[in-house]
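Here is the structure we will look at.
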Amino acid sequence: MPYPFGETVRVVRAGESPGRNPRGQPLPGPDESFDLEGCAVTPRTETPQVGGDQQQDRDTVIVGWTIYVPPGQKQQSQLPLRTTDKVMIRGVLCDITGEPGDWGRSPFTGTRGVIQFAADRVTG
């Protein structure tokens with residue numbers, strides 16, 4: 001069930017390559033995009049070392065987002081998320097950073113847990 005005030009995050013996944021070009025490089029496949037609805041999206045911050053070179057009139061720096069995908073998404077066949085996927089968050093294209101974490105099932109209630117992943121803005 002999605003979070004009542006959650007956000008929709010669009011996953012952009014490169015499709016399977018239809019073949020290779022004359023130089024032997026794989027051709028890009030069609031995007032296989034889908035939405036994850038009702039996600040909790042929180043900023044991920046980094047606190048510079050106190051007194052360090054990076055701390056010039058600021059306390060924290062936003063380095064990306066942490067996304068919590070609620071259990072029971074209808075796209076379960078497309079999950080788990082891949083580190084090669086990209087996500088569109090608030091109109092910004094981001095890379096998935098690190099391995100997405102599946103919280104599995106609660107040992108107390110048996111209910112399904114969230115899938116959590118980090119995303120960073122694509123630059124360059």
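All residue names refer to the structure tokens as shown: chains lettered A, B, ... in order, residues numbered from 1 in each chain, ligands numbered from 1 in order.
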List as a list in words the protein and nucleic acid residues near Thr97 in chain A, meaning an atom at most 10 Å away when only C-alpha atoms are counted, but skip any in the same chain fewer than 4 places from it. Gly64, Trp65, Thr66, Arg82, Thr83, Thr84, Asp85, Lys86, Phe117, Ala118, Ala119, Asp120 and Arg121 of chain A
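Using only C-alpha atoms, the protein and nucleic acid residues lying no more than 10 Å from range 29-34 of chain A, apart from those fewer than 2 places from it along its own chain, are Val9, Arg10, Val11, Val12, Arg13, Ala14, Gly15, Glu16, Ser17, Pro18, Gly19, Pro26, Leu27, Leu36, Glu37, Gln75, Gln78, Asp85, Lys86 and Val87 of chain A.
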Kindly export the residues of the current selection with all heavy atoms, as a short mmCIF file (atom, residue, chain, number, x, y, z; two decimals), in the first residue's frame.
data_model
loop_
_atom_site.label_atom_id
_atom_site.label_comp_id
_atom_site.auth_asym_id
_atom_site.auth_seq_id
_atom_site.Cartn_x
_atom_site.Cartn_y
_atom_site.Cartn_z
N VAL A 9 7.77 7.97 -8.25
CA VAL A 9 9.14 7.94 -8.75
C VAL A 9 9.13 7.11 -10.02
O VAL A 9 8.61 5.99 -10.02
CB VAL A 9 10.10 7.34 -7.70
CG1 VAL A 9 11.49 7.14 -8.27
CG2 VAL A 9 10.14 8.21 -6.45
N ARG A 10 9.66 7.66 -11.09
CA ARG A 10 9.69 6.95 -12.38
C ARG A 10 11.03 6.24 -12.53
O ARG A 10 12.08 6.86 -12.42
CB ARG A 10 9.49 7.92 -13.53
CG ARG A 10 9.47 7.26 -14.88
CD ARG A 10 8.35 7.87 -15.72
NE ARG A 10 8.15 7.17 -16.96
CZ ARG A 10 7.25 6.23 -17.13
NH1 ARG A 10 6.50 5.85 -16.14
NH2 ARG A 10 7.09 5.65 -18.29
N VAL A 11 10.98 4.95 -12.77
CA VAL A 11 12.18 4.15 -13.00
C VAL A 11 12.40 4.06 -14.51
O VAL A 11 11.49 3.70 -15.25
CB VAL A 11 12.05 2.73 -12.39
CG1 VAL A 11 13.28 1.89 -12.71
CG2 VAL A 11 11.82 2.82 -10.90
N VAL A 12 13.61 4.41 -14.95
CA VAL A 12 13.97 4.35 -16.37
C VAL A 12 15.00 3.24 -16.51
O VAL A 12 16.12 3.33 -16.01
CB VAL A 12 14.55 5.70 -16.86
CG1 VAL A 12 14.91 5.61 -18.33
CG2 VAL A 12 13.57 6.82 -16.60
N ARG A 13 14.59 2.19 -17.17
CA ARG A 13 15.44 1.00 -17.33
C ARG A 13 15.72 0.78 -18.81
O ARG A 13 14.80 0.77 -19.63
CB ARG A 13 14.72 -0.21 -16.75
CG ARG A 13 15.47 -1.52 -16.89
CD ARG A 13 14.76 -2.62 -16.17
NE ARG A 13 14.84 -2.41 -14.73
CZ ARG A 13 14.15 -3.10 -13.83
NH1 ARG A 13 13.33 -4.05 -14.21
NH2 ARG A 13 14.29 -2.85 -12.55
N ALA A 14 16.98 0.62 -19.16
CA ALA A 14 17.34 0.33 -20.54
C ALA A 14 16.87 -1.08 -20.88
O ALA A 14 17.10 -2.02 -20.13
CB ALA A 14 18.84 0.45 -20.74
N GLY A 15 16.22 -1.19 -22.01
CA GLY A 15 15.72 -2.48 -22.45
C GLY A 15 16.84 -3.34 -23.02
O GLY A 15 17.98 -2.91 -23.18
N GLU A 16 16.50 -4.57 -23.33
CA GLU A 16 17.47 -5.51 -23.88
C GLU A 16 17.95 -5.03 -25.24
O GLU A 16 17.18 -4.55 -26.07
CB GLU A 16 16.81 -6.88 -24.00
CG GLU A 16 17.78 -7.98 -24.33
CD GLU A 16 17.10 -9.34 -24.28
OE1 GLU A 16 16.24 -9.54 -23.42
OE2 GLU A 16 17.45 -10.17 -25.13
N SER A 17 19.22 -5.18 -25.48
CA SER A 17 19.82 -4.75 -26.74
C SER A 17 19.30 -5.59 -27.90
O SER A 17 19.28 -6.82 -27.83
CB SER A 17 21.35 -4.87 -26.67
OG SER A 17 21.93 -4.58 -27.92
N PRO A 18 18.87 -4.93 -29.00
CA PRO A 18 18.37 -5.68 -30.14
C PRO A 18 19.49 -6.24 -31.03
O PRO A 18 19.21 -6.94 -32.00
CB PRO A 18 17.55 -4.65 -30.92
CG PRO A 18 18.18 -3.34 -30.58
CD PRO A 18 18.71 -3.49 -29.17
N GLY A 19 20.72 -5.95 -30.71
CA GLY A 19 21.83 -6.44 -31.53
C GLY A 19 23.07 -5.59 -31.33
O GLY A 19 23.20 -4.90 -30.34
N PRO A 26 27.04 -3.04 -28.37
CA PRO A 26 25.60 -3.32 -28.27
C PRO A 26 24.77 -2.08 -28.59
O PRO A 26 25.12 -0.97 -28.19
CB PRO A 26 25.40 -3.75 -26.82
CG PRO A 26 26.67 -3.49 -26.12
CD PRO A 26 27.73 -3.19 -27.11
N LEU A 27 23.70 -2.28 -29.33
CA LEU A 27 22.77 -1.19 -29.64
C LEU A 27 21.86 -0.97 -28.43
O LEU A 27 21.47 -1.93 -27.76
CB LEU A 27 21.91 -1.55 -30.85
CG LEU A 27 22.67 -1.71 -32.17
CD1 LEU A 27 21.75 -2.31 -33.23
CD2 LEU A 27 23.20 -0.36 -32.62
N LEU A 36 6.77 3.95 -9.69
CA LEU A 36 6.61 3.44 -8.34
C LEU A 36 5.81 4.50 -7.60
O LEU A 36 6.30 5.61 -7.39
CB LEU A 36 7.97 3.21 -7.67
CG LEU A 36 8.89 2.21 -8.35
CD1 LEU A 36 10.26 2.21 -7.70
CD2 LEU A 36 8.28 0.82 -8.30
N GLU A 37 4.60 4.17 -7.23
CA GLU A 37 3.69 5.16 -6.65
C GLU A 37 3.75 5.15 -5.13
O GLU A 37 4.00 4.12 -4.51
CB GLU A 37 2.27 4.90 -7.12
CG GLU A 37 2.13 5.03 -8.62
CD GLU A 37 0.76 4.62 -9.12
OE1 GLU A 37 -0.08 4.20 -8.31
OE2 GLU A 37 0.55 4.72 -10.35
N GLN A 75 4.20 -3.48 -9.70
CA GLN A 75 5.29 -3.80 -10.62
C GLN A 75 6.28 -4.79 -9.99
O GLN A 75 7.45 -4.75 -10.29
CB GLN A 75 6.06 -2.54 -11.01
CG GLN A 75 5.25 -1.55 -11.79
CD GLN A 75 4.50 -0.59 -10.86
OE1 GLN A 75 4.61 -0.66 -9.66
NE2 GLN A 75 3.72 0.28 -11.44
N GLN A 78 8.93 -6.29 -12.02
CA GLN A 78 10.03 -5.45 -12.49
C GLN A 78 11.04 -5.17 -11.37
O GLN A 78 12.10 -4.66 -11.62
CB GLN A 78 9.48 -4.15 -13.06
CG GLN A 78 8.67 -4.40 -14.30
CD GLN A 78 7.73 -3.25 -14.61
OE1 GLN A 78 7.10 -2.71 -13.73
NE2 GLN A 78 7.67 -2.88 -15.86
N ASP A 85 19.63 0.96 -13.27
CA ASP A 85 18.42 1.75 -13.48
C ASP A 85 18.70 3.21 -13.16
O ASP A 85 19.61 3.54 -12.39
CB ASP A 85 17.29 1.28 -12.58
CG ASP A 85 16.73 -0.08 -12.98
OD1 ASP A 85 16.95 -0.51 -14.12
OD2 ASP A 85 16.08 -0.70 -12.12
N LYS A 86 17.91 4.07 -13.76
CA LYS A 86 17.90 5.49 -13.40
C LYS A 86 16.50 5.79 -12.90
O LYS A 86 15.55 5.08 -13.21
CB LYS A 86 18.24 6.36 -14.60
CG LYS A 86 19.66 6.14 -15.10
CD LYS A 86 20.02 7.18 -16.14
CE LYS A 86 21.40 6.96 -16.72
NZ LYS A 86 22.48 6.84 -15.79
N VAL A 87 16.37 6.84 -12.09
CA VAL A 87 15.07 7.22 -11.57
C VAL A 87 14.86 8.72 -11.77
O VAL A 87 15.80 9.50 -11.71
CB VAL A 87 14.90 6.85 -10.08
CG1 VAL A 87 14.78 5.35 -9.91
CG2 VAL A 87 16.04 7.37 -9.24
#
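Here CA of Val41 in chain A and CA of Gly6 in chain A stand 7.5 Å from one another.
Atom pair CA of Gly98 in chain A / CA of Asp35 in chain A: separated by 20.2 Å.
Of the listed residues (A:Val63, A:Gln25, A:Tyr3, A:Arg90), A:Val63 comes nearest to Pro43 in chain A; the distances count only C-alpha atoms.
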Residues at most 9 Å from Ala40 in chain A, counting only C-alpha atoms, excluding those fewer than 4 positions away in the same chain, as number ranges by chain? A: 2-3, 5-8, 66-70
Selection above as a file: all heavy atoms, as a short mmCIF file (atom, residue, chain, number, x, y, z; two decimals), in the first residue's frame:
data_model
loop_
_atom_site.label_atom_id
_atom_site.label_comp_id
_atom_site.auth_asym_id
_atom_site.auth_seq_id
_atom_site.Cartn_x
_atom_site.Cartn_y
_atom_site.Cartn_z
N PRO A 2 0.66 2.18 -0.92
CA PRO A 2 1.50 3.38 -0.98
C PRO A 2 1.32 4.25 0.26
O PRO A 2 0.31 4.20 0.93
CB PRO A 2 1.00 4.11 -2.22
CG PRO A 2 0.14 3.16 -2.95
CD PRO A 2 -0.30 2.12 -1.99
N TYR A 3 2.34 5.05 0.53
CA TYR A 3 2.23 6.02 1.61
C TYR A 3 1.19 7.05 1.18
O TYR A 3 1.20 7.51 0.04
CB TYR A 3 3.58 6.68 1.88
CG TYR A 3 4.61 5.68 2.36
CD1 TYR A 3 5.68 5.32 1.56
CD2 TYR A 3 4.50 5.09 3.60
CE1 TYR A 3 6.62 4.40 1.99
CE2 TYR A 3 5.43 4.16 4.04
CZ TYR A 3 6.48 3.82 3.23
OH TYR A 3 7.39 2.90 3.66
N PHE A 5 0.72 10.19 1.41
CA PHE A 5 1.18 11.45 0.83
C PHE A 5 2.52 11.27 0.13
O PHE A 5 3.31 12.19 0.01
CB PHE A 5 1.27 12.53 1.91
CG PHE A 5 -0.06 12.77 2.58
CD1 PHE A 5 -0.33 12.24 3.83
CD2 PHE A 5 -1.06 13.48 1.92
CE1 PHE A 5 -1.56 12.43 4.43
CE2 PHE A 5 -2.29 13.67 2.52
CZ PHE A 5 -2.55 13.15 3.78
N GLY A 6 2.76 10.04 -0.33
CA GLY A 6 4.02 9.73 -1.01
C GLY A 6 4.07 10.31 -2.41
O GLY A 6 3.11 10.89 -2.92
N GLU A 7 5.22 10.15 -3.03
CA GLU A 7 5.48 10.67 -4.37
C GLU A 7 5.62 9.53 -5.36
O GLU A 7 5.98 8.42 -5.00
CB GLU A 7 6.78 11.48 -4.37
CG GLU A 7 6.77 12.65 -3.42
CD GLU A 7 8.08 13.40 -3.45
OE1 GLU A 7 8.65 13.58 -4.54
OE2 GLU A 7 8.53 13.83 -2.37
N THR A 8 5.39 9.86 -6.63
CA THR A 8 5.62 8.90 -7.70
C THR A 8 7.05 9.07 -8.20
O THR A 8 7.47 10.17 -8.51
CB THR A 8 4.62 9.12 -8.85
OG1 THR A 8 3.30 8.89 -8.36
CG2 THR A 8 4.89 8.17 -10.00
N THR A 66 17.07 9.46 -0.48
CA THR A 66 16.80 8.09 -0.10
C THR A 66 15.33 7.85 -0.38
O THR A 66 14.48 8.65 0.02
CB THR A 66 17.10 7.83 1.38
OG1 THR A 66 18.49 8.11 1.62
CG2 THR A 66 16.80 6.39 1.77
N ILE A 67 15.03 6.79 -1.10
CA ILE A 67 13.66 6.48 -1.49
C ILE A 67 13.24 5.19 -0.81
O ILE A 67 13.99 4.21 -0.80
CB ILE A 67 13.53 6.34 -3.03
CG1 ILE A 67 13.77 7.68 -3.72
CG2 ILE A 67 12.15 5.86 -3.42
CD1 ILE A 67 15.15 8.06 -3.90
N TYR A 68 12.03 5.22 -0.25
CA TYR A 68 11.44 4.03 0.37
C TYR A 68 10.22 3.66 -0.47
O TYR A 68 9.24 4.39 -0.52
CB TYR A 68 11.02 4.34 1.81
CG TYR A 68 12.18 4.75 2.68
CD1 TYR A 68 12.55 6.08 2.80
CD2 TYR A 68 12.91 3.80 3.37
CE1 TYR A 68 13.61 6.47 3.59
CE2 TYR A 68 13.99 4.17 4.18
CZ TYR A 68 14.33 5.51 4.27
OH TYR A 68 15.39 5.87 5.05
N VAL A 69 10.31 2.53 -1.15
CA VAL A 69 9.22 2.03 -1.99
C VAL A 69 8.31 1.19 -1.10
O VAL A 69 8.76 0.23 -0.49
CB VAL A 69 9.76 1.16 -3.15
CG1 VAL A 69 8.62 0.68 -4.04
CG2 VAL A 69 10.80 1.93 -3.96
N PRO A 70 7.03 1.57 -1.02
CA PRO A 70 6.14 0.80 -0.14
C PRO A 70 5.93 -0.61 -0.65
O PRO A 70 6.05 -0.88 -1.84
CB PRO A 70 4.84 1.61 -0.17
CG PRO A 70 4.89 2.38 -1.43
CD PRO A 70 6.34 2.63 -1.72
#
